[in-house]
$ cat run_21.cif   # mmCIF, N, CA and C atoms
data_final
#
loop_
_atom_site.label_atom_id
_atom_site.label_comp_id
_atom_site.auth_asym_id
_atom_site.auth_seq_id
_atom_site.Cartn_x
_atom_site.Cartn_y
_atom_site.Cartn_z
N MET A 1 0.83 -1.19 0.00
CA MET A 1 0.00 0.00 0.00
C MET A 1 0.87 1.25 0.00
N ASN A 2 0.69 2.09 -1.00
CA ASN A 2 1.39 3.35 -1.05
C ASN A 2 0.62 4.38 -0.23
N THR A 3 1.35 5.15 0.53
CA THR A 3 0.69 6.18 1.32
C THR A 3 0.90 7.53 0.66
N PHE A 4 0.06 8.45 1.03
CA PHE A 4 0.15 9.80 0.51
C PHE A 4 0.40 10.73 1.68
N LYS A 5 1.35 11.62 1.50
CA LYS A 5 1.64 12.63 2.50
C LYS A 5 1.65 13.99 1.82
N LEU A 6 1.32 14.98 2.61
CA LEU A 6 1.24 16.33 2.10
C LEU A 6 1.70 17.29 3.18
N THR A 7 2.57 18.20 2.83
CA THR A 7 2.96 19.28 3.72
C THR A 7 2.88 20.57 2.92
N TRP A 8 2.72 21.67 3.64
CA TRP A 8 2.75 22.94 2.92
C TRP A 8 3.45 24.00 3.74
N GLU A 9 3.96 24.97 3.03
CA GLU A 9 4.68 26.09 3.61
C GLU A 9 4.47 27.31 2.72
N VAL A 10 4.82 28.46 3.24
CA VAL A 10 4.77 29.68 2.45
C VAL A 10 6.22 30.06 2.12
N VAL A 11 6.50 30.17 0.82
CA VAL A 11 7.84 30.51 0.36
C VAL A 11 7.75 31.83 -0.41
N ASN A 12 8.43 32.84 0.08
CA ASN A 12 8.39 34.17 -0.56
C ASN A 12 6.96 34.63 -0.82
N SER A 13 6.10 34.43 0.13
CA SER A 13 4.68 34.84 0.09
C SER A 13 3.78 33.93 -0.74
N TYR A 14 4.32 32.85 -1.29
CA TYR A 14 3.53 31.96 -2.15
C TYR A 14 3.37 30.59 -1.48
N PRO A 15 2.15 30.12 -1.34
CA PRO A 15 1.93 28.79 -0.76
C PRO A 15 2.49 27.69 -1.66
N LEU A 16 3.23 26.79 -1.05
CA LEU A 16 3.86 25.68 -1.76
C LEU A 16 3.41 24.39 -1.08
N ILE A 17 2.73 23.53 -1.83
CA ILE A 17 2.25 22.25 -1.31
C ILE A 17 3.16 21.15 -1.83
N HIS A 18 3.81 20.45 -0.90
CA HIS A 18 4.68 19.32 -1.25
C HIS A 18 3.85 18.04 -1.20
N LEU A 19 3.77 17.37 -2.32
CA LEU A 19 3.02 16.12 -2.43
C LEU A 19 4.01 14.95 -2.41
N ASN A 20 3.62 13.87 -1.74
CA ASN A 20 4.53 12.73 -1.63
C ASN A 20 3.74 11.43 -1.65
N GLY A 21 4.10 10.52 -2.56
CA GLY A 21 3.45 9.21 -2.62
C GLY A 21 2.57 9.08 -3.84
N SER A 22 1.38 8.50 -3.65
CA SER A 22 0.46 8.22 -4.74
C SER A 22 -0.82 9.05 -4.59
N LEU A 23 -1.22 9.69 -5.67
CA LEU A 23 -2.46 10.46 -5.69
C LEU A 23 -3.59 9.53 -6.12
N THR A 24 -4.36 9.07 -5.14
CA THR A 24 -5.44 8.12 -5.39
C THR A 24 -6.66 8.57 -4.59
N LEU A 25 -7.65 7.71 -4.52
CA LEU A 25 -8.85 8.02 -3.75
C LEU A 25 -8.50 8.34 -2.30
N GLY A 26 -7.51 7.65 -1.75
CA GLY A 26 -7.11 7.88 -0.37
C GLY A 26 -6.52 9.25 -0.10
N SER A 27 -6.05 9.93 -1.13
CA SER A 27 -5.45 11.26 -0.96
C SER A 27 -6.43 12.39 -1.25
N LYS A 28 -7.55 12.06 -1.84
CA LYS A 28 -8.50 13.06 -2.33
C LYS A 28 -8.96 14.04 -1.24
N GLN A 29 -9.43 13.54 -0.12
CA GLN A 29 -9.98 14.41 0.92
C GLN A 29 -8.91 15.29 1.54
N LEU A 30 -7.73 14.72 1.82
CA LEU A 30 -6.64 15.49 2.40
C LEU A 30 -6.21 16.61 1.45
N LEU A 31 -6.09 16.30 0.18
CA LEU A 31 -5.68 17.29 -0.81
C LEU A 31 -6.69 18.44 -0.91
N GLU A 32 -7.96 18.09 -1.01
CA GLU A 32 -9.00 19.12 -1.14
C GLU A 32 -9.15 19.93 0.14
N ASN A 33 -9.08 19.29 1.30
CA ASN A 33 -9.17 20.01 2.57
C ASN A 33 -7.99 20.97 2.75
N THR A 34 -6.80 20.52 2.38
CA THR A 34 -5.61 21.36 2.52
C THR A 34 -5.71 22.57 1.60
N TYR A 35 -6.20 22.37 0.40
CA TYR A 35 -6.39 23.48 -0.53
C TYR A 35 -7.29 24.54 0.09
N GLU A 36 -8.41 24.11 0.64
CA GLU A 36 -9.34 25.06 1.27
C GLU A 36 -8.71 25.72 2.50
N GLU A 37 -7.96 24.96 3.29
CA GLU A 37 -7.28 25.51 4.47
C GLU A 37 -6.31 26.61 4.08
N ILE A 38 -5.55 26.38 3.04
CA ILE A 38 -4.57 27.38 2.60
C ILE A 38 -5.29 28.65 2.17
N LEU A 39 -6.35 28.52 1.40
CA LEU A 39 -7.06 29.70 0.93
C LEU A 39 -7.67 30.49 2.09
N GLU A 40 -8.01 29.80 3.17
CA GLU A 40 -8.54 30.49 4.36
C GLU A 40 -7.44 31.22 5.13
N GLN A 41 -6.22 30.69 5.10
CA GLN A 41 -5.14 31.22 5.92
C GLN A 41 -4.22 32.20 5.20
N VAL A 42 -4.12 32.07 3.87
CA VAL A 42 -3.15 32.85 3.13
C VAL A 42 -3.85 33.59 1.99
N SER A 43 -3.60 34.88 1.91
CA SER A 43 -4.14 35.66 0.80
C SER A 43 -3.18 35.49 -0.38
N THR A 44 -3.65 34.83 -1.42
CA THR A 44 -2.77 34.54 -2.55
C THR A 44 -3.56 34.47 -3.85
N LYS A 45 -2.86 34.73 -4.93
CA LYS A 45 -3.45 34.56 -6.26
C LYS A 45 -2.79 33.38 -6.98
N GLU A 46 -1.78 32.79 -6.35
CA GLU A 46 -1.08 31.64 -6.91
C GLU A 46 -0.94 30.56 -5.85
N LEU A 47 -0.94 29.32 -6.31
CA LEU A 47 -0.75 28.18 -5.43
C LEU A 47 0.12 27.16 -6.16
N ILE A 48 1.23 26.80 -5.55
CA ILE A 48 2.22 25.93 -6.21
C ILE A 48 2.14 24.53 -5.61
N PHE A 49 1.98 23.54 -6.49
CA PHE A 49 1.97 22.13 -6.10
C PHE A 49 3.26 21.49 -6.58
N ASP A 50 4.02 20.92 -5.65
CA ASP A 50 5.29 20.26 -5.97
C ASP A 50 5.06 18.75 -6.10
N PHE A 51 5.18 18.26 -7.32
CA PHE A 51 4.95 16.85 -7.64
C PHE A 51 6.24 16.02 -7.64
N THR A 52 7.34 16.60 -7.24
CA THR A 52 8.64 15.93 -7.33
C THR A 52 8.61 14.51 -6.76
N ASN A 53 7.90 14.30 -5.65
CA ASN A 53 7.89 13.00 -4.98
C ASN A 53 6.59 12.22 -5.18
N ILE A 54 5.89 12.51 -6.26
CA ILE A 54 4.68 11.74 -6.61
C ILE A 54 5.10 10.62 -7.56
N ASP A 55 4.70 9.41 -7.23
CA ASP A 55 5.09 8.27 -8.07
C ASP A 55 3.93 7.68 -8.87
N TYR A 56 2.69 8.09 -8.55
CA TYR A 56 1.53 7.48 -9.22
C TYR A 56 0.34 8.41 -9.07
N ILE A 57 -0.48 8.44 -10.12
CA ILE A 57 -1.76 9.16 -10.05
C ILE A 57 -2.79 8.33 -10.80
N ASN A 58 -3.99 8.22 -10.23
CA ASN A 58 -5.07 7.52 -10.92
C ASN A 58 -6.23 8.49 -11.14
N SER A 59 -7.36 7.97 -11.58
CA SER A 59 -8.50 8.83 -11.92
C SER A 59 -9.02 9.61 -10.70
N ALA A 60 -8.95 9.03 -9.52
CA ALA A 60 -9.39 9.75 -8.32
C ALA A 60 -8.46 10.92 -8.01
N GLY A 61 -7.18 10.72 -8.19
CA GLY A 61 -6.22 11.81 -7.99
C GLY A 61 -6.43 12.92 -9.01
N ILE A 62 -6.68 12.53 -10.25
CA ILE A 62 -6.97 13.51 -11.29
C ILE A 62 -8.26 14.25 -10.95
N SER A 63 -9.26 13.53 -10.48
CA SER A 63 -10.53 14.13 -10.09
C SER A 63 -10.35 15.18 -9.00
N SER A 64 -9.47 14.93 -8.06
CA SER A 64 -9.19 15.90 -7.00
C SER A 64 -8.74 17.23 -7.60
N PHE A 65 -7.83 17.13 -8.56
CA PHE A 65 -7.34 18.37 -9.18
C PHE A 65 -8.40 19.02 -10.06
N LEU A 66 -9.25 18.23 -10.68
CA LEU A 66 -10.35 18.82 -11.44
C LEU A 66 -11.28 19.60 -10.52
N ASN A 67 -11.56 19.06 -9.33
CA ASN A 67 -12.37 19.77 -8.34
C ASN A 67 -11.69 21.06 -7.90
N ILE A 68 -10.40 20.98 -7.66
CA ILE A 68 -9.65 22.17 -7.23
C ILE A 68 -9.64 23.21 -8.35
N ILE A 69 -9.43 22.78 -9.58
CA ILE A 69 -9.45 23.70 -10.71
C ILE A 69 -10.80 24.37 -10.83
N SER A 70 -11.86 23.61 -10.69
CA SER A 70 -13.21 24.17 -10.75
C SER A 70 -13.39 25.22 -9.65
N PHE A 71 -12.94 24.91 -8.45
CA PHE A 71 -13.06 25.84 -7.34
C PHE A 71 -12.17 27.06 -7.54
N HIS A 72 -10.95 26.83 -8.04
CA HIS A 72 -10.02 27.96 -8.18
C HIS A 72 -10.48 28.95 -9.21
N ASN A 73 -11.24 28.50 -10.21
CA ASN A 73 -11.79 29.44 -11.19
C ASN A 73 -12.68 30.45 -10.50
N THR A 74 -13.43 30.00 -9.50
CA THR A 74 -14.30 30.89 -8.72
C THR A 74 -13.48 31.77 -7.79
N ALA A 75 -12.44 31.21 -7.19
CA ALA A 75 -11.63 31.94 -6.21
C ALA A 75 -10.59 32.86 -6.86
N GLY A 76 -10.34 32.70 -8.15
CA GLY A 76 -9.35 33.52 -8.84
C GLY A 76 -7.92 33.18 -8.50
N VAL A 77 -7.65 31.93 -8.19
CA VAL A 77 -6.31 31.48 -7.83
C VAL A 77 -5.72 30.69 -9.00
N GLU A 78 -4.48 31.05 -9.37
CA GLU A 78 -3.80 30.32 -10.44
C GLU A 78 -3.04 29.14 -9.85
N LEU A 79 -3.24 27.96 -10.42
CA LEU A 79 -2.54 26.77 -9.96
C LEU A 79 -1.28 26.57 -10.78
N ILE A 80 -0.20 26.20 -10.08
CA ILE A 80 1.09 25.98 -10.72
C ILE A 80 1.60 24.61 -10.27
N PHE A 81 1.96 23.77 -11.24
CA PHE A 81 2.52 22.45 -10.96
C PHE A 81 4.01 22.49 -11.25
N VAL A 82 4.80 21.95 -10.34
CA VAL A 82 6.25 21.88 -10.54
C VAL A 82 6.75 20.47 -10.28
N GLY A 83 7.89 20.16 -10.90
CA GLY A 83 8.55 18.89 -10.64
C GLY A 83 7.77 17.67 -11.09
N LEU A 84 6.97 17.81 -12.15
CA LEU A 84 6.19 16.67 -12.62
C LEU A 84 7.10 15.59 -13.20
N PRO A 85 7.09 14.39 -12.63
CA PRO A 85 7.82 13.28 -13.26
C PRO A 85 7.24 13.06 -14.67
N ASP A 86 8.07 12.62 -15.59
CA ASP A 86 7.64 12.47 -16.99
C ASP A 86 6.37 11.65 -17.14
N HIS A 87 6.28 10.52 -16.44
CA HIS A 87 5.11 9.65 -16.62
C HIS A 87 3.85 10.30 -16.06
N ILE A 88 3.97 11.11 -15.01
CA ILE A 88 2.81 11.83 -14.46
C ILE A 88 2.41 12.95 -15.42
N LYS A 89 3.38 13.67 -15.95
CA LYS A 89 3.07 14.76 -16.90
C LYS A 89 2.36 14.22 -18.12
N ARG A 90 2.79 13.07 -18.64
CA ARG A 90 2.12 12.48 -19.80
C ARG A 90 0.65 12.20 -19.51
N VAL A 91 0.37 11.64 -18.34
CA VAL A 91 -1.01 11.35 -17.95
C VAL A 91 -1.82 12.65 -17.87
N LEU A 92 -1.26 13.66 -17.21
CA LEU A 92 -1.98 14.93 -17.06
C LEU A 92 -2.17 15.63 -18.40
N ASP A 93 -1.20 15.48 -19.30
CA ASP A 93 -1.35 16.02 -20.66
C ASP A 93 -2.48 15.31 -21.41
N ILE A 94 -2.51 13.99 -21.31
CA ILE A 94 -3.52 13.20 -22.03
C ILE A 94 -4.93 13.58 -21.60
N VAL A 95 -5.14 13.78 -20.31
CA VAL A 95 -6.49 14.11 -19.83
C VAL A 95 -6.78 15.61 -19.92
N GLY A 96 -5.79 16.40 -20.33
CA GLY A 96 -6.00 17.82 -20.55
C GLY A 96 -5.87 18.69 -19.31
N LEU A 97 -5.43 18.11 -18.20
CA LEU A 97 -5.32 18.87 -16.96
C LEU A 97 -4.29 19.99 -17.07
N THR A 98 -3.22 19.76 -17.80
CA THR A 98 -2.16 20.77 -17.92
C THR A 98 -2.60 21.97 -18.74
N ASP A 99 -3.75 21.90 -19.39
CA ASP A 99 -4.29 23.06 -20.11
C ASP A 99 -4.80 24.12 -19.14
N TYR A 100 -5.03 23.76 -17.90
CA TYR A 100 -5.64 24.66 -16.91
C TYR A 100 -4.69 25.13 -15.83
N VAL A 101 -3.44 24.73 -15.91
CA VAL A 101 -2.44 25.11 -14.91
C VAL A 101 -1.16 25.54 -15.61
N LYS A 102 -0.31 26.25 -14.90
CA LYS A 102 1.04 26.54 -15.37
C LYS A 102 1.93 25.40 -14.91
N VAL A 103 2.90 25.03 -15.73
CA VAL A 103 3.81 23.93 -15.40
C VAL A 103 5.25 24.44 -15.49
N PHE A 104 6.01 24.21 -14.42
CA PHE A 104 7.43 24.58 -14.38
C PHE A 104 8.24 23.39 -13.89
N GLY A 105 9.50 23.37 -14.25
CA GLY A 105 10.38 22.28 -13.86
C GLY A 105 10.76 22.30 -12.39
N THR A 106 10.91 23.50 -11.84
CA THR A 106 11.37 23.60 -10.45
C THR A 106 10.53 24.61 -9.66
N VAL A 107 10.64 24.50 -8.36
CA VAL A 107 9.97 25.45 -7.46
C VAL A 107 10.52 26.85 -7.70
N ASP A 108 11.83 26.96 -7.85
CA ASP A 108 12.44 28.28 -8.07
C ASP A 108 11.88 28.96 -9.31
N MET A 109 11.70 28.21 -10.38
CA MET A 109 11.13 28.78 -11.61
C MET A 109 9.70 29.27 -11.37
N ALA A 110 8.94 28.51 -10.61
CA ALA A 110 7.56 28.90 -10.31
C ALA A 110 7.52 30.15 -9.43
N ILE A 111 8.38 30.21 -8.44
CA ILE A 111 8.44 31.38 -7.56
C ILE A 111 8.82 32.62 -8.38
N GLN A 112 9.78 32.47 -9.27
CA GLN A 112 10.19 33.60 -10.12
C GLN A 112 9.04 34.06 -11.00
N TYR A 113 8.30 33.12 -11.56
CA TYR A 113 7.11 33.46 -12.37
C TYR A 113 6.11 34.26 -11.53
N CYS A 114 5.81 33.79 -10.34
CA CYS A 114 4.85 34.48 -9.45
C CYS A 114 5.34 35.88 -9.11
N TYR A 115 6.62 35.98 -8.81
CA TYR A 115 7.22 37.28 -8.46
C TYR A 115 7.10 38.24 -9.63
N ASN A 116 7.48 37.79 -10.82
CA ASN A 116 7.40 38.64 -12.01
C ASN A 116 5.95 39.02 -12.31
N LYS A 117 5.05 38.10 -12.14
CA LYS A 117 3.63 38.34 -12.41
C LYS A 117 3.08 39.41 -11.47
N SER A 118 3.56 39.42 -10.22
CA SER A 118 3.06 40.40 -9.26
C SER A 118 3.38 41.83 -9.68
N PHE A 119 4.45 42.03 -10.45
CA PHE A 119 4.82 43.35 -10.92
C PHE A 119 4.04 43.76 -12.16
N GLU A 120 3.47 42.79 -12.86
CA GLU A 120 2.69 43.07 -14.06
C GLU A 120 1.29 43.54 -13.73
N GLU A 121 0.81 43.21 -12.53
CA GLU A 121 -0.58 43.53 -12.18
C GLU A 121 -0.73 44.92 -11.64
#
$ encode --input "run_21.cif" --output "C-alpha cells"
Amino acid sequence: MNTFKLTWEVVNSYPLIHLNGSLTLGSKQLLENTYEEILEQVSTKELIFDFTNIDYINSAGISSFLNIISFHNTAGVELIFVGLPDHIKRVLDIVGLTDYVKVFGTVDMAIQYCYNKSFEE
C-alpha cells in the first residue's frame, strides 16, 4: 500500500504544497481540505503544487485536481505544478489537466514566475 503525504509552507509569500506518494482516492480528501485551508489562511493569487515525490496518479487523484481547478476558477487562484515526473506529466497532458495550470520544472522557476507576475498587475 502506497501512502500519501502532504505538507505545505509559504515561500516568498507563495503557498507551496509538497506532495509525496500516490495520488489516489485515499489522498482526495486530504488534498482538497488542505487546498481550502490554505485559501482560508493565506491571501494569494497563486498556489504551487510540488509533484517531485509523486510516483503514481489515478482517476481519483486527477478528479481531485479537477475539483480544485473548478473551485479555483471561482476563487481567482492560479494553480502551478512543478517537478512533474515524466510519466505523471504524460497522464496529465492526455487528460487535458495541464491546459488549466502553469507547469514549471522547479519550485524556483515557479516562484520567479509568481514574483514577475506580481509586478505586471
$ residues_near_point --input "run_21.cif" --point "(3.0, 17.8, 1.9)" --cutoff "6 Å" --atoms "only N, CA and C atoms" --output "list of chain:residue names"
A:Lys5, A:Leu6, A:Thr7, A:Trp8, A:Ile17, A:His18, A:Leu19, A:Asn20
$ atom_distance --input "run_21.cif" --atom1 "CA of Ile57 in chain A" --atom2 "CA of Lys89 in chain A"
10.1 Å
$ resolve_selection --input "run_21.cif" --expression "the PyMOL selection byres ((chain A and resi 80) around 7)" --output "list in words"
Glu46, Leu47, Ile48, Phe49, Asp50, Glu78, Leu79, Phe81, Val82, Val101, Lys102, Val103 and Phe104 of chain A
$ select_by_dssp --input "run_21.cif" --residues "chain A" --states "strand (DSSP E or B)" --output "PyMOL selection string"
chain A and resi 4-11+14-23+46-57+78-82+102-104
$ resolve_selection --input "run_21.cif" --expression "the PyMOL selection byres (((chain A and resi 29 and name CA) around 12) and name CA)" --output "VMD selection string"
chain A and resid 4 to 6 23 to 28 30 to 37 60 to 61 63 to 65 67 to 68
$ residues_around --input "run_21.cif" --residues "Val42 in chain A" --least-positions-apart "6" --cutoff "10 Å" --atoms "only C-alpha atoms" --output "PyMOL selection string"
chain A and resi 10+13-15
$ select_by_dssp --input "run_21.cif" --residues "range 20-58 of chain A" --states "alpha helix (DSSP H)" --output "list in words"
Leu25, Gly26, Ser27, Lys28, Gln29, Leu30, Leu31, Glu32, Asn33, Thr34, Tyr35, Glu36, Glu37, Ile38, Leu39, Glu40 and Gln41 of chain A
$ closest_residue --input "run_21.cif" --among "A:Gly83, A:Phe51, A:His72, A:Glu9" --to "Gly105 in chain A" --atoms "only N, CA and C atoms"
A:Gly83
$ atom_distance --input "run_21.cif" --atom1 "CA of Glu40 in chain A" --atom2 "CA of Leu66 in chain A"
19.7 Å
$ atom_distance --input "run_21.cif" --atom1 "atom N of Arg90 in chain A" --atom2 "atom N of Ser22 in chain A"
15.7 Å
$ axis_aligned_box --input "run_21.cif" --around "range 14-24 of chain A" --padding-each-side "5 Å" --output "lines of an AutoDock Vina configuration file"
center_x = -1.0
center_y = 20.5
center_z = -3.4
size_x = 21.3
size_y = 34.7
size_z = 15.4
$ closest_residue --input "run_21.cif" --among "A:Tyr100, A:Tyr115, A:Phe71, A:Tyr56" --to "Ile88 in chain A" --atoms "all atoms listed in the file"
A:Tyr56
$ closest_residue --input "run_21.cif" --among "A:Ile38, A:Val77, A:Leu97, A:Val107" --to "Ile62 in chain A" --atoms "all atoms listed in the file"
A:Leu97
